[in-house]
Every structure is written in structure tokens, then in C-alpha cells.
file my_file.txt (compact mmCIF, C-alpha atoms)
# COMPACT_ATOMS: atom_id res chain seq x y z
CA MET A 1 0.00 0.00 0.00
CA ARG A 2 1.16 3.55 -0.73
CA ILE A 3 -0.23 6.41 1.32
CA GLY A 4 0.00 10.05 0.22
CA PHE A 5 0.15 12.92 2.71
CA THR A 6 -0.09 16.67 2.19
CA LEU A 7 2.49 18.01 4.63
CA LEU A 8 3.86 21.21 6.12
CA LEU A 9 7.48 19.97 6.26
CA ASN A 10 9.67 17.31 4.67
CA GLN A 11 10.39 15.71 8.03
CA ASN A 12 9.40 12.49 9.76
CA ASP A 13 7.45 14.34 12.45
CA SER A 14 5.61 16.65 10.05
CA ARG A 15 1.94 17.35 10.46
CA LEU A 16 -0.64 17.71 7.72
CA SER A 17 -1.05 20.93 5.82
CA PRO A 18 -4.33 22.78 6.40
CA HIS A 19 -4.87 23.00 2.61
CA PHE A 20 -4.58 20.02 0.23
CA GLY A 21 -3.47 21.92 -2.87
CA LYS A 22 -1.29 24.47 -1.06
CA ALA A 23 0.70 21.94 0.99
CA LYS A 24 4.43 22.72 0.86
CA TRP A 25 5.32 19.02 0.65
CA ILE A 26 3.78 15.82 -0.63
CA GLY A 27 4.79 12.68 1.23
CA ILE A 28 4.48 9.22 -0.25
CA TYR A 29 4.79 6.39 2.24
CA ASP A 30 5.28 2.79 1.12
CA THR A 31 3.97 0.40 3.77
CA GLU A 32 5.90 -2.59 2.38
CA THR A 33 9.33 -0.96 2.59
CA GLU A 34 8.31 1.38 5.44
CA SER A 35 9.94 4.22 3.53
CA MET A 36 8.80 7.79 2.97
CA ARG A 37 9.78 10.04 0.11
CA PHE A 38 9.05 13.74 0.01
CA GLU A 39 8.31 15.83 -3.06
CA ARG A 40 8.02 19.59 -3.12
CA ASN A 41 4.57 20.75 -4.23
CA THR A 42 5.59 22.90 -7.18
CA GLY A 43 2.09 23.05 -8.67
CA LEU A 44 0.41 24.48 -5.57
CA ASN A 45 -3.06 23.31 -6.60
CA GLY A 46 -5.23 20.31 -5.89
CA ARG A 47 -5.03 18.82 -9.37
CA PHE A 48 -1.22 18.82 -9.29
CA VAL A 49 -1.16 17.08 -5.89
CA ALA A 50 -3.70 14.49 -7.07
CA ASP A 51 -1.58 13.84 -10.17
CA VAL A 52 1.57 13.33 -8.08
CA LEU A 53 -0.25 10.87 -5.81
CA GLY A 54 -1.82 9.08 -8.77
CA ASP A 55 1.50 8.81 -10.62
CA ALA A 56 3.03 7.34 -7.43
CA ASP A 57 0.30 4.64 -7.37
CA CYS A 58 -1.03 5.78 -3.99
CA THR A 59 -4.05 3.89 -2.73
CA HIS A 60 -4.90 6.42 -0.01
CA ALA A 61 -4.44 10.15 0.62
CA VAL A 62 -4.56 11.59 4.14
CA LEU A 63 -5.52 15.27 4.38
CA THR A 64 -7.26 17.86 6.53
CA SER A 65 -9.17 19.86 3.92
CA ILE A 66 -9.89 19.35 0.23
CA GLY A 67 -12.08 21.00 -2.37
CA PRO A 68 -14.57 19.13 -4.54
CA GLY A 69 -12.46 19.36 -7.71
CA ALA A 70 -9.35 17.90 -6.09
CA LEU A 71 -11.42 15.22 -4.39
CA GLU A 72 -12.84 14.21 -7.76
CA HIS A 73 -9.30 14.00 -9.23
CA LEU A 74 -8.29 11.63 -6.41
CA ARG A 75 -11.36 9.50 -7.07
CA ARG A 76 -10.48 9.26 -10.77
CA TYR A 77 -7.16 7.73 -9.75
CA GLY A 78 -8.96 5.35 -7.41
CA ILE A 79 -7.36 6.98 -4.37
CA ALA A 80 -9.36 6.88 -1.13
CA ALA A 81 -9.29 10.32 0.54
CA LEU A 82 -9.14 10.04 4.33
CA GLN A 83 -9.65 12.69 6.99
CA GLY A 84 -6.58 13.15 9.17
CA ASP A 85 -6.08 15.15 12.33
CA ALA A 86 -3.89 18.21 11.73
CA ASP A 87 -2.16 17.78 15.10
CA THR A 88 -1.05 14.19 14.49
CA PRO A 89 2.34 13.50 12.84
CA TRP A 90 2.13 11.53 9.60
CA PRO A 91 3.75 8.31 10.95
CA LEU A 92 0.89 7.91 13.43
CA LEU A 93 -1.63 8.68 10.69
CA ALA A 94 -0.02 6.00 8.49
CA LYS A 95 -0.64 3.44 11.24
CA LYS A 96 -4.26 4.57 11.47
CA VAL A 97 -4.70 4.09 7.71
CA GLN A 98 -3.30 0.56 7.96
CA SER A 99 -5.74 -0.27 10.77
CA ASP A 100 -8.64 1.34 8.86
CA ALA A 101 -9.18 3.92 11.63
CA LEU A 102 -9.59 7.13 9.59
CA PRO A 103 -12.93 8.34 8.20
CA PRO A 104 -13.45 9.28 4.55
CA ALA A 105 -12.73 12.93 3.75
CA GLU A 106 -15.48 15.21 2.53
CA ALA A 107 -15.06 18.20 0.23
CA SER A 108 -14.95 21.65 1.78
CA ASP A 109 -16.30 24.74 0.05
CA HIS A 110 -13.56 26.76 1.76
CA GLU A 111 -10.86 24.79 -0.05
CA ARG A 112 -12.52 25.36 -3.42
CA HIS A 113 -11.46 29.00 -3.35
CA HIS A 114 -7.83 27.97 -2.99
CA LEU A 115 -7.90 25.71 -6.05
CA HIS A 116 -8.87 28.23 -8.69
call {"tool": "encode", "arguments": {"input": "my_file.txt", "output": "C-alpha cells"}}
result
Amino acid sequence: MRIGFTLLLNQNDSRLSPHFGKAKWIGIYDTETESMRFERNTGLNGRFVADVLGDADCTHAVLTSIGPGALEHLRRYGIAALQGDADTPWPLLAKKVQSDALPPAEASDHERHHLH
């Protein structure tokens, strides 16, 4: 399984970004190798982030807020969007994904304004 995270920092204790498309970093965690790779979000929009996660064959994306357009892009890739707690570091969130303990994410109208 590969899990995508929208992160504030490219560090192992980083927390989730408050905005999916505007996250500074995209983290891709491989549960088989237990390795994380970080990519800078150079697109700074939801579609770009969804494309990075889709191209990395992510099965899940953990986020705090996402607009309807970006959520639809994730769905087109077959990526399950999950709601993460902004105060929890990504390694703990990865464990929650693996134990199926995170709820599905819902689109936010607030995030829509940041995508266009």
C-alpha cells in the first residue's frame, strides 16, 4: 500500500497541511518498505497534488481539507481520501490508515477557493 500525505514539512514528524493543494510538501509512504519520500509541491493546486499521488500509485491520501475538484481527481485515480487530524504527525496517521481507523474525507467549500 502507498499512502499520500499533504504536509507542512519534509520531516518524519511533520503534520498535515491545512490545505490540500497548497501543501508545501507531498509525502508518499510505502507500507511494504516502510519508507517515505518527500516531493516539493511545485504546482500548488489540488489537481497537481492528485496527479503526483496518482502517478506514485497511492491507494490512499490523508488530508485535513480538500475542495470538490481535487477530491474528484483523487477518485479518478482510485485513491481513497481520508480525513486526518492536523495535530497528528504523519507516521501515526499512516498506522491509522493501515488499521482502517480514519474516516473518509469530505469536500470543503472553503478549499474550493484555494484551487482556482
call {"tool": "closest_residue", "arguments": {"input": "my_file.txt", "among": "A:Ile3, A:Leu92, A:Ile66, A:Leu82", "to": "Val52 of chain A", "atoms": "all atoms listed in the file"}}
result
A:Ile3
call {"tool": "residues_around", "arguments": {"input": "my_file.txt", "residues": "segment 27-43 of chain A", "least_positions_apart": "4", "cutoff": "6 Å", "atoms": "only C-alpha atoms", "output": "number ranges by chain"}}
result
A: 1-5, 10, 48
call {"tool": "write_last_selection", "arguments": {"input": "my_file.txt", "atoms": "C-alpha atoms", "output": "PDB file, in the frame of the given file"}}
result
ATOM      1  CA  MET A   1       0.000   0.000   0.000  1.00  0.00           C
ATOM      2  CA  ARG A   2       1.160   3.550  -0.730  1.00  0.00           C
ATOM      3  CA  ILE A   3      -0.230   6.410   1.320  1.00  0.00           C
ATOM      4  CA  GLY A   4       0.000  10.050   0.220  1.00  0.00           C
ATOM      5  CA  PHE A   5       0.150  12.920   2.710  1.00  0.00           C
ATOM      6  CA  ASN A  10       9.670  17.310   4.670  1.00  0.00           C
ATOM      7  CA  PHE A  48      -1.220  18.820  -9.290  1.00  0.00           C
TER       8      PHE A  48
END
call {"tool": "axis_aligned_box", "arguments": {"input": "my_file.txt", "around": "segment 6-25 of chain A", "padding_each_side": "6 Å", "output": "AutoDock Vina command-line options"}}
result
--center_x 2.8 --center_y 18.5 --center_z 4.8 --size_x 27.3 --size_y 24.0 --size_z 27.3
call {"tool": "closest_residue", "arguments": {"input": "my_file.txt", "among": "A:Gly54, A:Thr64, A:Asp109, A:Lys95", "to": "Ala23 of chain A", "atoms": "only C-alpha atoms"}}
result
A:Thr64
call {"tool": "closest_residue", "arguments": {"input": "my_file.txt", "among": "A:Ala94, A:Ala80, A:Leu63, A:Leu74", "to": "Pro18 of chain A", "atoms": "only C-alpha atoms"}}
result
A:Leu63
call {"tool": "residues_around", "arguments": {"input": "my_file.txt", "residues": "Gly78 of chain A", "least_positions_apart": "6", "cutoff": "12 Å", "atoms": "all atoms listed in the file", "output": "NGL selection string"}}
result
:A and (50-51 or 53-55 or 57-61 or 71-72)
call {"tool": "write_last_selection", "arguments": {"input": "my_file.txt", "atoms": "C-alpha atoms", "output": "PDB file, in the frame of the given file"}}
result
ATOM      1  CA  ALA A  50      -3.700  14.490  -7.070  1.00  0.00           C
ATOM      2  CA  ASP A  51      -1.580  13.840 -10.170  1.00  0.00           C
ATOM      3  CA  LEU A  53      -0.250  10.870  -5.810  1.00  0.00           C
ATOM      4  CA  GLY A  54      -1.820   9.080  -8.770  1.00  0.00           C
ATOM      5  CA  ASP A  55       1.500   8.810 -10.620  1.00  0.00           C
ATOM      6  CA  ASP A  57       0.300   4.640  -7.370  1.00  0.00           C
ATOM      7  CA  CYS A  58      -1.030   5.780  -3.990  1.00  0.00           C
ATOM      8  CA  THR A  59      -4.050   3.890  -2.730  1.00  0.00           C
ATOM      9  CA  HIS A  60      -4.900   6.420  -0.010  1.00  0.00           C
ATOM     10  CA  ALA A  61      -4.440  10.150   0.620  1.00  0.00           C
ATOM     11  CA  LEU A  71     -11.420  15.220  -4.390  1.00  0.00           C
ATOM     12  CA  GLU A  72     -12.840  14.210  -7.760  1.00  0.00           C
TER      13      GLU A  72
END
call {"tool": "atom_distance", "arguments": {"input": "my_file.txt", "atom1": "atom CA of Val49 of chain A", "atom2": "atom CA of Ala86 of chain A"}}
result
17.9 Å
call {"tool": "closest_residue", "arguments": {"input": "my_file.txt", "among": "A:Val62, A:Thr88, A:His73, A:Asp13", "to": "Pro104 of chain A", "atoms": "all atoms listed in the file"}}
result
A:Val62
call {"tool": "residues_around", "arguments": {"input": "my_file.txt", "residues": "Ala105 of chain A", "least_positions_apart": "2", "cutoff": "7 Å", "atoms": "all atoms listed in the file", "output": "list in words"}}
result
Ala81, Leu82, Gln83, Pro103 and Ala107 of chain A
call {"tool": "residues_around", "arguments": {"input": "my_file.txt", "residues": "Asn12 of chain A", "least_positions_apart": "4", "cutoff": "8 Å", "atoms": "only C-alpha atoms", "output": "PyMOL selection string"}}
result
chain A and resi 89-91
call {"tool": "residues_near_point", "arguments": {"input": "my_file.txt", "point": "(-1.4, 23.6, -4.1)", "cutoff": "6 Å", "atoms": "all atoms listed in the file", "output": "VMD selection string"}}
result
chain A and resid 21 to 23 43 to 46
call {"tool": "atom_distance", "arguments": {"input": "my_file.txt", "atom1": "atom CA of Ser14 of chain A", "atom2": "atom CA of Arg75 of chain A"}}
result
25.1 Å
call {"tool": "residues_around", "arguments": {"input": "my_file.txt", "residues": "Ser108 of chain A", "least_positions_apart": "6", "cutoff": "8 Å", "atoms": "all atoms listed in the file", "output": "JSON, numbers by chain"}}
result
{"A": [65, 66, 67, 68]}
